[in-house]
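> My file is model10.cif. It has mmCIF, C-alpha atoms:
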data_my_file
loop_
_atom_site.group_PDB
_atom_site.id
_atom_site.type_symbol
_atom_site.label_atom_id
_atom_site.label_comp_id
_atom_site.auth_asym_id
_atom_site.auth_seq_id
_atom_site.Cartn_x
_atom_site.Cartn_y
_atom_site.Cartn_z
ATOM 1 C CA MET A 256 98.024 -16.249 139.669
ATOM 2 C CA SER A 257 100.052 -17.938 136.956
ATOM 3 C CA SER A 258 97.264 -20.390 136.302
ATOM 4 C CA LYS A 259 94.774 -17.703 135.212
ATOM 5 C CA PRO A 260 93.546 -17.818 131.613
ATOM 6 C CA VAL A 261 96.071 -16.338 129.216
ATOM 7 C CA GLU A 262 95.651 -12.710 128.291
ATOM 8 C CA SER A 263 97.266 -12.920 124.860
ATOM 9 C CA ALA A 264 98.898 -15.465 122.586
ATOM 10 C CA SER A 265 102.368 -15.100 121.160
ATOM 11 C CA VAL A 266 104.301 -16.982 118.486
ATOM 12 C CA THR A 267 103.104 -20.553 117.978
ATOM 13 C CA ALA A 268 104.239 -23.512 115.891
ATOM 14 C CA PRO A 269 102.986 -27.051 115.362
ATOM 15 C CA GLY A 270 103.845 -28.954 118.524
ATOM 16 C CA VAL A 271 104.245 -26.039 120.920
ATOM 17 C CA VAL A 272 101.891 -23.432 122.371
ATOM 18 C CA ILE A 273 103.473 -20.132 123.429
ATOM 19 C CA GLU A 274 101.269 -17.889 125.544
ATOM 20 C CA ARG A 275 101.519 -15.003 127.972
ATOM 21 C CA ALA A 276 99.564 -14.559 131.185
ATOM 22 C CA GLY A 277 100.575 -11.293 132.778
ATOM 23 C CA ASP A 278 104.234 -11.575 133.798
ATOM 24 C CA VAL A 279 104.398 -15.280 132.938
ATOM 25 C CA LEU A 280 105.485 -16.610 129.556
ATOM 26 C CA ASN A 281 104.305 -20.192 128.968
ATOM 27 C CA PHE A 282 105.930 -22.756 126.685
ATOM 28 C CA THR A 283 103.678 -25.823 126.448
ATOM 29 C CA LEU A 284 104.986 -28.817 124.521
ATOM 30 C CA ASP A 285 102.004 -30.166 122.592
ATOM 31 C CA ASN A 286 103.264 -33.062 120.513
ATOM 32 C CA PRO A 287 101.875 -35.980 122.546
ATOM 33 C CA GLY A 288 101.558 -38.304 119.560
ATOM 34 C CA ARG A 289 105.378 -38.376 119.449
ATOM 35 C CA GLU A 290 105.881 -38.253 123.227
ATOM 36 C CA ASN A 291 106.415 -34.475 123.005
ATOM 37 C CA GLU A 292 109.523 -34.873 120.889
ATOM 38 C CA VAL A 293 110.862 -31.393 120.112
ATOM 39 C CA THR A 294 110.982 -30.754 116.373
ATOM 40 C CA GLY A 295 112.845 -28.138 114.368
ATOM 41 C CA PRO A 296 109.886 -25.729 114.107
ATOM 42 C CA MET A 297 109.306 -26.076 117.872
ATOM 43 C CA PHE A 298 112.953 -25.190 118.536
ATOM 44 C CA ASP A 299 112.765 -22.204 116.210
ATOM 45 C CA ALA A 300 109.570 -20.821 117.763
ATOM 46 C CA MET A 301 110.783 -21.104 121.363
ATOM 47 C CA LEU A 302 114.259 -19.803 120.563
ATOM 48 C CA ALA A 303 112.811 -16.783 118.768
ATOM 49 C CA GLU A 304 110.689 -15.976 121.814
ATOM 50 C CA LEU A 305 113.659 -16.283 124.185
ATOM 51 C CA ARG A 306 115.688 -13.960 121.979
ATOM 52 C CA ARG A 307 112.811 -11.485 121.901
ATOM 53 C CA GLU A 308 112.653 -11.505 125.696
ATOM 54 C CA ALA A 309 116.412 -11.027 125.978
ATOM 55 C CA ALA A 310 116.284 -7.986 123.694
ATOM 56 C CA HIS A 311 113.044 -6.486 125.038
ATOM 57 C CA PRO A 312 112.105 -7.966 128.431
ATOM 58 C CA ALA A 313 108.354 -8.116 128.944
ATOM 59 C CA ALA A 314 107.743 -11.138 131.183
ATOM 60 C CA ARG A 315 109.422 -12.183 134.417
ATOM 61 C CA VAL A 316 108.892 -15.938 134.598
ATOM 62 C CA LEU A 317 109.024 -18.709 132.009
ATOM 63 C CA ARG A 318 106.855 -21.749 132.710
ATOM 64 C CA LEU A 319 107.830 -24.818 130.688
ATOM 65 C CA ARG A 320 105.296 -27.642 130.682
ATOM 66 C CA ALA A 321 103.741 -30.289 128.438
ATOM 67 C CA ARG A 322 100.417 -31.816 127.518
ATOM 68 C CA GLY A 323 99.744 -35.523 127.693
ATOM 69 C CA LYS A 324 101.150 -38.278 129.870
ATOM 70 C CA VAL A 325 104.800 -37.693 128.928
ATOM 71 C CA PHE A 326 106.826 -34.513 129.461
ATOM 72 C CA CYS A 327 109.406 -35.058 126.706
ATOM 73 C CA THR A 328 111.408 -38.093 125.637
ATOM 74 C CA GLY A 329 113.781 -36.461 123.179
ATOM 75 C CA ARG A 330 114.237 -34.343 120.097
ATOM 76 C CA GLU A 331 113.756 -34.878 116.402
ATOM 77 C CA ARG A 332 116.789 -36.311 114.615
ATOM 78 C CA ALA A 333 116.026 -35.629 110.970
ATOM 79 C CA GLY A 334 119.581 -35.066 109.747
ATOM 80 C CA ARG A 335 121.203 -37.726 107.578
ATOM 81 C CA ASP A 336 124.452 -35.975 106.667
ATOM 82 C CA ALA A 337 127.141 -34.111 108.585
ATOM 83 C CA THR A 338 125.906 -30.643 107.600
ATOM 84 C CA THR A 339 122.301 -31.081 108.721
ATOM 85 C CA ILE A 340 123.268 -33.027 111.840
ATOM 86 C CA HIS A 341 125.672 -30.233 112.782
ATOM 87 C CA HIS A 342 122.895 -27.678 112.264
ATOM 88 C CA GLU A 343 120.492 -29.647 114.461
ATOM 89 C CA SER A 344 123.099 -30.047 117.180
ATOM 90 C CA ALA A 345 124.040 -26.363 117.124
ATOM 91 C CA ARG A 346 120.374 -25.351 117.327
ATOM 92 C CA LEU A 347 119.633 -27.481 120.384
ATOM 93 C CA ILE A 348 122.771 -26.236 122.154
ATOM 94 C CA GLU A 349 121.854 -22.628 121.386
ATOM 95 C CA PHE A 350 118.313 -23.191 122.648
ATOM 96 C CA LYS A 351 119.555 -24.557 125.974
ATOM 97 C CA ARG A 352 122.081 -21.739 126.264
ATOM 98 C CA ALA A 353 119.405 -19.125 125.592
ATOM 99 C CA LEU A 354 117.115 -20.727 128.148
ATOM 100 C CA ARG A 355 119.799 -20.847 130.798
ATOM 101 C CA VAL A 356 121.007 -17.255 130.390
ATOM 102 C CA SER A 357 117.543 -15.791 129.811
ATOM 103 C CA PRO A 358 116.629 -12.908 132.149
ATOM 104 C CA LEU A 359 113.423 -14.831 132.827
ATOM 105 C CA ILE A 360 113.413 -17.095 135.858
ATOM 106 C CA SER A 361 112.430 -20.452 134.419
ATOM 107 C CA VAL A 362 110.301 -23.151 136.045
ATOM 108 C CA ALA A 363 109.939 -26.623 134.521
ATOM 109 C CA GLU A 364 106.718 -28.478 135.326
ATOM 110 C CA VAL A 365 107.495 -32.131 134.585
ATOM 111 C CA GLN A 366 104.232 -34.057 134.768
ATOM 112 C CA GLY A 367 105.500 -37.275 133.156
ATOM 113 C CA ASP A 368 108.537 -39.136 131.904
ATOM 114 C CA ALA A 369 111.514 -37.052 130.778
ATOM 115 C CA PHE A 370 114.340 -38.763 128.924
ATOM 116 C CA GLY A 371 117.401 -37.583 127.027
ATOM 117 C CA PHE A 372 116.901 -34.086 125.679
ATOM 118 C CA GLY A 373 113.660 -33.775 127.660
ATOM 119 C CA PHE A 374 115.360 -34.395 130.997
ATOM 120 C CA GLY A 375 118.263 -32.122 130.060
ATOM 121 C CA LEU A 376 115.807 -29.392 129.064
ATOM 122 C CA ALA A 377 114.192 -29.528 132.500
ATOM 123 C CA ILE A 378 117.521 -29.529 134.337
ATOM 124 C CA VAL A 379 118.707 -26.335 132.677
ATOM 125 C CA CYS A 380 115.686 -24.443 134.098
ATOM 126 C CA ASP A 381 116.121 -22.501 137.342
ATOM 127 C CA PHE A 382 113.457 -24.553 139.146
ATOM 128 C CA VAL A 383 112.485 -28.119 138.265
ATOM 129 C CA TYR A 384 109.262 -29.505 139.739
ATOM 130 C CA VAL A 385 108.572 -33.168 138.933
ATOM 131 C CA ALA A 386 105.600 -35.450 139.530
ATOM 132 C CA GLU A 387 106.520 -38.300 141.855
ATOM 133 C CA ASN A 388 105.440 -40.960 139.345
ATOM 134 C CA ALA A 389 107.686 -39.720 136.501
ATOM 135 C CA ALA A 390 110.742 -41.593 135.254
ATOM 136 C CA LEU A 391 113.914 -39.678 134.352
ATOM 137 C CA GLY A 392 117.122 -40.559 132.575
ATOM 138 C CA PHE A 393 119.600 -40.320 129.716
ATOM 139 C CA PRO A 394 119.260 -43.456 127.570
ATOM 140 C CA GLU A 395 121.430 -42.286 124.648
ATOM 141 C CA MET A 396 124.310 -44.690 125.340
ATOM 142 C CA LYS A 397 121.928 -47.622 124.921
ATOM 143 C CA PHE A 398 121.769 -46.537 121.265
ATOM 144 C CA GLY A 399 125.508 -45.982 120.952
ATOM 145 C CA LEU A 400 125.540 -42.193 121.299
ATOM 146 C CA ALA A 401 127.414 -40.318 124.020
ATOM 147 C CA PRO A 402 125.041 -37.543 125.281
ATOM 148 C CA ALA A 403 127.490 -34.673 124.885
ATOM 149 C CA ALA A 404 124.825 -31.961 125.085
ATOM 150 C CA ILE A 405 123.873 -32.820 128.667
ATOM 151 C CA MET A 406 127.447 -33.610 129.705
ATOM 152 C CA ALA A 407 128.372 -30.040 128.790
ATOM 153 C CA TYR A 408 126.645 -28.846 131.963
ATOM 154 C CA LEU A 409 125.520 -31.863 134.010
ATOM 155 C CA GLY A 410 128.570 -31.589 136.269
ATOM 156 C CA GLU A 411 127.419 -28.161 137.433
ATOM 157 C CA TYR A 412 124.333 -29.724 139.010
ATOM 158 C CA ALA A 413 125.455 -33.160 140.211
ATOM 159 C CA LEU A 414 128.791 -34.421 141.503
ATOM 160 C CA PRO A 415 130.770 -36.448 138.940
ATOM 161 C CA ARG A 416 130.395 -39.673 140.967
ATOM 162 C CA PHE A 417 126.636 -39.387 140.477
ATOM 163 C CA ALA A 418 126.556 -37.777 137.045
ATOM 164 C CA PHE A 419 128.878 -40.086 135.104
ATOM 165 C CA PRO A 420 126.988 -43.353 135.773
ATOM 166 C CA LEU A 421 123.753 -41.637 134.695
ATOM 167 C CA VAL A 422 125.086 -40.894 131.222
ATOM 168 C CA LEU A 423 127.289 -43.987 130.904
ATOM 169 C CA PHE A 424 124.657 -46.628 131.644
ATOM 170 C CA GLY A 425 121.458 -44.721 130.853
ATOM 171 C CA ASP A 426 119.401 -46.351 133.596
ATOM 172 C CA PRO A 427 116.217 -44.474 134.558
ATOM 173 C CA ILE A 428 116.059 -42.881 137.984
ATOM 174 C CA SER A 429 113.188 -41.732 140.154
ATOM 175 C CA PRO A 430 112.441 -38.079 140.909
ATOM 176 C CA GLN A 431 113.436 -38.731 144.511
ATOM 177 C CA GLN A 432 116.890 -39.894 143.388
ATOM 178 C CA ALA A 433 117.218 -36.948 141.013
ATOM 179 C CA GLN A 434 116.432 -34.529 143.833
ATOM 180 C CA GLN A 435 118.952 -36.159 146.159
ATOM 181 C CA ILE A 436 121.799 -35.611 143.688
ATOM 182 C CA GLY A 437 120.795 -32.039 142.842
ATOM 183 C CA LEU A 438 119.223 -32.401 139.396
ATOM 184 C CA ILE A 439 115.714 -31.260 140.294
ATOM 185 C CA SER A 440 114.218 -28.888 142.849
ATOM 186 C CA HIS A 441 111.043 -30.493 144.107
ATOM 187 C CA VAL A 442 109.017 -33.716 143.913
ATOM 188 C CA SER A 443 105.226 -33.336 143.990
ATOM 189 C CA PRO A 444 102.259 -35.677 144.010
ATOM 190 C CA ALA A 445 100.837 -35.669 140.501
ATOM 191 C CA SER A 446 97.613 -34.163 141.851
ATOM 192 C CA THR A 447 99.355 -31.076 143.279
ATOM 193 C CA LEU A 448 102.157 -30.521 140.754
ATOM 194 C CA SER A 449 100.443 -27.680 138.918
ATOM 195 C CA SER A 450 99.436 -25.857 142.104
ATOM 196 C CA ASP A 451 102.939 -26.322 143.531
ATOM 197 C CA VAL A 452 104.345 -24.658 140.416
ATOM 198 C CA ASP A 453 101.747 -21.889 140.780
ATOM 199 C CA ALA A 454 103.041 -21.300 144.308
ATOM 200 C CA ILE A 455 106.727 -20.993 143.388
ATOM 201 C CA ILE A 456 105.858 -18.658 140.521
ATOM 202 C CA GLU A 457 103.865 -16.473 142.899
ATOM 203 C CA ARG A 458 106.873 -16.311 145.242
ATOM 204 C CA ILE A 459 109.082 -15.204 142.350
ATOM 205 C CA LEU A 460 106.597 -12.543 141.250
ATOM 206 C CA ARG A 461 106.545 -11.043 144.746
ATOM 207 C CA LEU A 462 110.236 -10.198 144.420
ATOM 208 C CA ASP A 463 111.478 -6.884 143.077
ATOM 209 C CA PRO A 464 111.762 -7.451 139.292
ATOM 210 C CA ASN A 465 115.155 -5.816 138.790
ATOM 211 C CA ALA A 466 116.635 -7.406 141.884
ATOM 212 C CA ALA A 467 115.457 -10.854 140.759
ATOM 213 C CA ARG A 468 117.008 -10.422 137.321
ATOM 214 C CA ASN A 469 120.266 -9.175 138.837
ATOM 215 C CA CYS A 470 120.301 -12.069 141.285
ATOM 216 C CA LYS A 471 120.026 -14.643 138.504
ATOM 217 C CA GLU A 472 122.631 -12.909 136.359
ATOM 218 C CA PHE A 473 125.175 -12.617 139.164
ATOM 219 C CA PHE A 474 124.560 -16.173 140.381
ATOM 220 C CA GLN A 475 125.308 -17.581 136.920
ATOM 221 C CA THR A 476 128.342 -15.355 136.445
ATOM 222 C CA ALA A 477 129.743 -16.375 139.817
ATOM 223 C CA GLN A 478 129.603 -20.055 138.877
ATOM 224 C CA GLN A 479 131.995 -19.435 135.991
ATOM 225 C CA ASN A 480 134.497 -17.144 137.723
ATOM 226 C CA SER A 481 137.227 -17.474 140.301
ATOM 227 C CA PHE A 482 136.666 -16.350 143.897
ATOM 228 C CA ASP A 483 138.810 -13.240 143.367
ATOM 229 C CA GLN A 484 136.863 -12.280 140.242
ATOM 230 C CA ASN A 485 133.589 -12.706 142.087
ATOM 231 C CA CYS A 486 134.762 -10.540 144.969
ATOM 232 C CA ARG A 487 135.582 -7.703 142.583
ATOM 233 C CA LEU A 488 132.263 -8.062 140.782
ATOM 234 C CA ALA A 489 130.386 -8.250 144.073
ATOM 235 C CA THR A 490 131.663 -4.820 145.110
ATOM 236 C CA GLU A 491 130.195 -3.267 141.983
ATOM 237 C CA ALA A 492 126.976 -5.270 142.200
ATOM 238 C CA LEU A 493 126.418 -4.287 145.829
ATOM 239 C CA THR A 494 127.040 -0.640 145.021
ATOM 240 C CA VAL A 495 124.563 -0.578 142.127
ATOM 241 C CA GLY A 496 121.987 -2.616 144.049
ATOM 242 C CA SER A 497 122.225 -0.481 147.163
ATOM 243 C CA MET A 498 121.798 2.704 145.163
ATOM 244 C CA ALA A 499 118.661 1.239 143.584
ATOM 245 C CA VAL A 500 117.250 0.441 147.045
ATOM 246 C CA LEU A 501 118.002 3.963 148.261
ATOM 247 C CA SER A 502 116.318 5.501 145.239
ATOM 248 C CA ARG A 503 113.136 3.562 145.953
ATOM 249 C CA GLN A 504 113.127 4.750 149.556
ATOM 250 C CA LYS A 505 113.097 8.424 148.605
#
Could you spell out this file's structure in structure tokens?


Amino acid sequence: MSSKPVESASVTAPGVVIERAGDVLNFTLDNPGRENEVTGPMFDAMLAELRREAAHPAARVLRLRARGKVFCTGRERAGRDATTIHHESARLIEFKRALRVSPLISVAEVQGDAFGFGFGLAIVCDFVYVAENAALGFPEMKFGLAPAAIMAYLGEYALPRFAFPLVLFGDPISPQQAQQIGLISHVSPASTLSSDVDAIIERILRLDPNAARNCKEFFQTAQQNSFDQNCRLATEALTVGSMAVLSRQK
């Protein structure tokens, strides 16, 4: 199971633990003294691992979790001039893009509060499991900053009538509300969150590896294309997939 002791450690950095357990790659935010704020070195370590997986796939599932009472309440904002702020912004956008398009099927395990970047990080995962006592939200506007990073993709998960007030007013919402509007997958009692994530990971690992990767890739492509484009692509995808099934039956 995904909760077994890790078999080997991978790249690590202060504030994040990156480990492998069989087919599961684990990113564990470990910066509880700063409410698991994601720093530059944490970004770099996780992004490097995602790029490594994209180039040479070894795992099948990414499990994103955190230590402490809080999941993640934001990211480090160290920049004080336009050049460094632009670099920080580009890095966080690239990290979210790499996470979203990764061939790994990603599962966020949100055991505590997730605000701003932390909530957006969870949303971009393929599955988002949240403890029922967590608080969620985008408080950036309370500090005079429009949260452009999350608005770049929030509308793909929640209808605009729900999404816009979230970013405009920054009020926290419950996991139950977040699930109702499509931002998270599942709400768990805090006592069963980890085992619930174990269960969904086990379901994923029972699937054919290539078929699961192809399913994620086509699903994401289809969201960006027109219906006619998707129909043309589907013909090719069904042909390739069916041939793979036939080859396994021989």

> What's the 12 Å shell around Gln478 of chain A, counting all atoms listed in the file, without same-chain residues fewer than 6 positions away, as a PyMOL selection string?

chain A and resi 408+410-412+471-472+484-485

> For each of A:Arg416, A:Lys351, A:Arg315, A:Arg289, take the minimum atom-to-atom distance to Ile456 of chain A, counting all atoms listed in the file, then give the residue where this is smallest.

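Result for the nearest residue to Ile456 of chain A: A:Arg315.
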
> Selected by the PyMOL selection byres ((chain A and resi 385) around 12) in the shown coordinates: which residues, as a ChimeraX atom specification?

/A:319-321,325-326,362-369,374,377-378,382-384,386-391,429-434,438-449,451-452

> Counting all atoms listed in the file, find residues at most 10 Å from (118.6, -12.3, 138.0) (file frame) and give them as a list in words.

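So the residues meeting the distance criterion are Arg315, Val356, Ser357, Pro358, Leu359, Ile360, Pro464, Asn465, Ala466, Ala467, Arg468, Asn469, Cys470, Lys471, Glu472, Phe473, Phe474 and Gln475 of chain A.
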
> Take the PyMOL selection byres ((chain A and resi 350) around 9), apply it to the structure above, and return the hits as a list in words.

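What the PyMOL selection byres ((chain A and resi 350) around 9) grabs from the file is Phe298, Asp299, Met301, Leu302, Leu305, Ala345, Arg346, Leu347, Ile348, Glu349, Lys351, Arg352, Ala353, Leu354 and Arg355 of chain A.
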
> With C-alpha atoms retained, write the just-selected residues as a tab-separated table (two decimals), keeping the file's coordinate frame.


chain	number	residue	atom	x	y	z
A	298	PHE	CA	112.95	-25.19	118.54
A	299	ASP	CA	112.76	-22.20	116.21
A	301	MET	CA	110.78	-21.10	121.36
A	302	LEU	CA	114.26	-19.80	120.56
A	305	LEU	CA	113.66	-16.28	124.18
A	345	ALA	CA	124.04	-26.36	117.12
A	346	ARG	CA	120.37	-25.35	117.33
A	347	LEU	CA	119.63	-27.48	120.38
A	348	ILE	CA	122.77	-26.24	122.15
A	349	GLU	CA	121.85	-22.63	121.39
A	351	LYS	CA	119.56	-24.56	125.97
A	352	ARG	CA	122.08	-21.74	126.26
A	353	ALA	CA	119.40	-19.12	125.59
A	354	LEU	CA	117.12	-20.73	128.15
A	355	ARG	CA	119.80	-20.85	130.80

> Nearest residue to Ser361 of chain A out of A:Leu280, A:Leu421, A:Ile436, A:Ile405, using all atoms listed in the file?

A:Leu280

> Taking all atoms listed in the file into account, name the residue in A:Leu409, A:Leu414, A:Ala300, A:Ala401 that is nearest to Pro269 of chain A.

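When distances to Pro269 of chain A are compared using all atoms listed in the file, the smallest one comes from A:Ala300.
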
> Within 9 Å of Ala314 of chain A, counting all atoms listed in the file, which residues qualify if same-chain residues fewer than 2 places away don't, as a list in words?

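Surrounding residues, per the criterion: Arg275, Ala276, Gly277, Asp278, Val279, Leu280, Glu308, Pro312, Val316, Leu317 and Leu359 of chain A.
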
> For segment 277-288 of chain A, supply all heavy atoms and format the output as a short mmCIF file (atom, residue, chain, number, x, y, z; two decimals), in the coordinates of the input.


data_model
loop_
_atom_site.label_atom_id
_atom_site.label_comp_id
_atom_site.auth_asym_id
_atom_site.auth_seq_id
_atom_site.Cartn_x
_atom_site.Cartn_y
_atom_site.Cartn_z
N GLY A 277 99.96 -12.30 131.93
CA GLY A 277 100.58 -11.29 132.78
C GLY A 277 102.09 -11.33 132.66
O GLY A 277 102.64 -11.20 131.57
N ASP A 278 102.77 -11.54 133.77
CA ASP A 278 104.23 -11.58 133.80
C ASP A 278 104.80 -12.96 133.53
O ASP A 278 106.01 -13.16 133.66
CB ASP A 278 104.74 -11.10 135.17
CG ASP A 278 104.53 -9.61 135.37
OD1 ASP A 278 104.69 -8.85 134.39
OD2 ASP A 278 104.22 -9.20 136.50
N VAL A 279 103.95 -13.90 133.15
CA VAL A 279 104.40 -15.28 132.94
C VAL A 279 104.30 -15.64 131.46
O VAL A 279 103.26 -15.49 130.83
CB VAL A 279 103.55 -16.28 133.76
CG1 VAL A 279 104.05 -17.70 133.54
CG2 VAL A 279 103.62 -15.92 135.25
N LEU A 280 105.43 -16.09 130.91
CA LEU A 280 105.48 -16.61 129.56
C LEU A 280 105.42 -18.14 129.65
O LEU A 280 106.19 -18.75 130.39
CB LEU A 280 106.78 -16.17 128.87
CG LEU A 280 107.07 -16.73 127.48
CD1 LEU A 280 106.03 -16.25 126.47
CD2 LEU A 280 108.48 -16.33 127.04
N ASN A 281 104.50 -18.75 128.91
CA ASN A 281 104.30 -20.19 128.97
C ASN A 281 104.74 -20.86 127.67
O ASN A 281 104.31 -20.45 126.59
CB ASN A 281 102.82 -20.53 129.20
CG ASN A 281 102.32 -20.04 130.54
OD1 ASN A 281 102.60 -20.62 131.57
ND2 ASN A 281 101.56 -18.93 130.51
N PHE A 282 105.61 -21.86 127.78
CA PHE A 282 105.93 -22.76 126.68
C PHE A 282 105.28 -24.09 127.03
O PHE A 282 105.65 -24.73 128.02
CB PHE A 282 107.43 -22.97 126.54
CG PHE A 282 108.21 -21.82 125.98
CD1 PHE A 282 109.60 -21.90 125.89
CD2 PHE A 282 107.59 -20.67 125.55
CE1 PHE A 282 110.33 -20.85 125.37
CE2 PHE A 282 108.32 -19.60 125.03
CZ PHE A 282 109.71 -19.69 124.94
N THR A 283 104.33 -24.54 126.21
CA THR A 283 103.68 -25.82 126.45
C THR A 283 103.96 -26.76 125.29
O THR A 283 103.51 -26.52 124.16
CB THR A 283 102.16 -25.64 126.61
OG1 THR A 283 101.89 -24.70 127.65
CG2 THR A 283 101.51 -26.98 126.96
N LEU A 284 104.72 -27.82 125.54
CA LEU A 284 104.99 -28.82 124.52
C LEU A 284 103.68 -29.54 124.23
O LEU A 284 103.02 -30.05 125.14
CB LEU A 284 106.06 -29.80 125.00
CG LEU A 284 107.39 -29.19 125.46
CD1 LEU A 284 108.36 -30.28 125.87
CD2 LEU A 284 107.99 -28.30 124.38
N ASP A 285 103.31 -29.60 122.97
CA ASP A 285 102.00 -30.17 122.59
C ASP A 285 102.18 -31.08 121.37
O ASP A 285 101.59 -30.86 120.32
CB ASP A 285 101.03 -29.03 122.29
CG ASP A 285 99.59 -29.51 122.15
OD1 ASP A 285 99.29 -30.63 122.60
OD2 ASP A 285 98.78 -28.76 121.58
N ASN A 286 103.00 -32.09 121.56
CA ASN A 286 103.26 -33.06 120.51
C ASN A 286 103.12 -34.47 121.10
O ASN A 286 104.01 -35.32 120.97
CB ASN A 286 104.69 -32.85 119.96
CG ASN A 286 104.97 -33.61 118.69
OD1 ASN A 286 104.05 -34.09 118.02
ND2 ASN A 286 106.24 -33.73 118.34
N PRO A 287 102.00 -34.74 121.78
CA PRO A 287 101.88 -35.98 122.55
C PRO A 287 101.91 -37.24 121.70
O PRO A 287 102.28 -38.31 122.18
CB PRO A 287 100.52 -35.82 123.25
CG PRO A 287 99.76 -34.86 122.40
CD PRO A 287 100.79 -33.91 121.88
N GLY A 288 101.52 -37.14 120.42
CA GLY A 288 101.56 -38.30 119.56
C GLY A 288 102.96 -38.84 119.34
O GLY A 288 103.14 -40.00 118.97
#
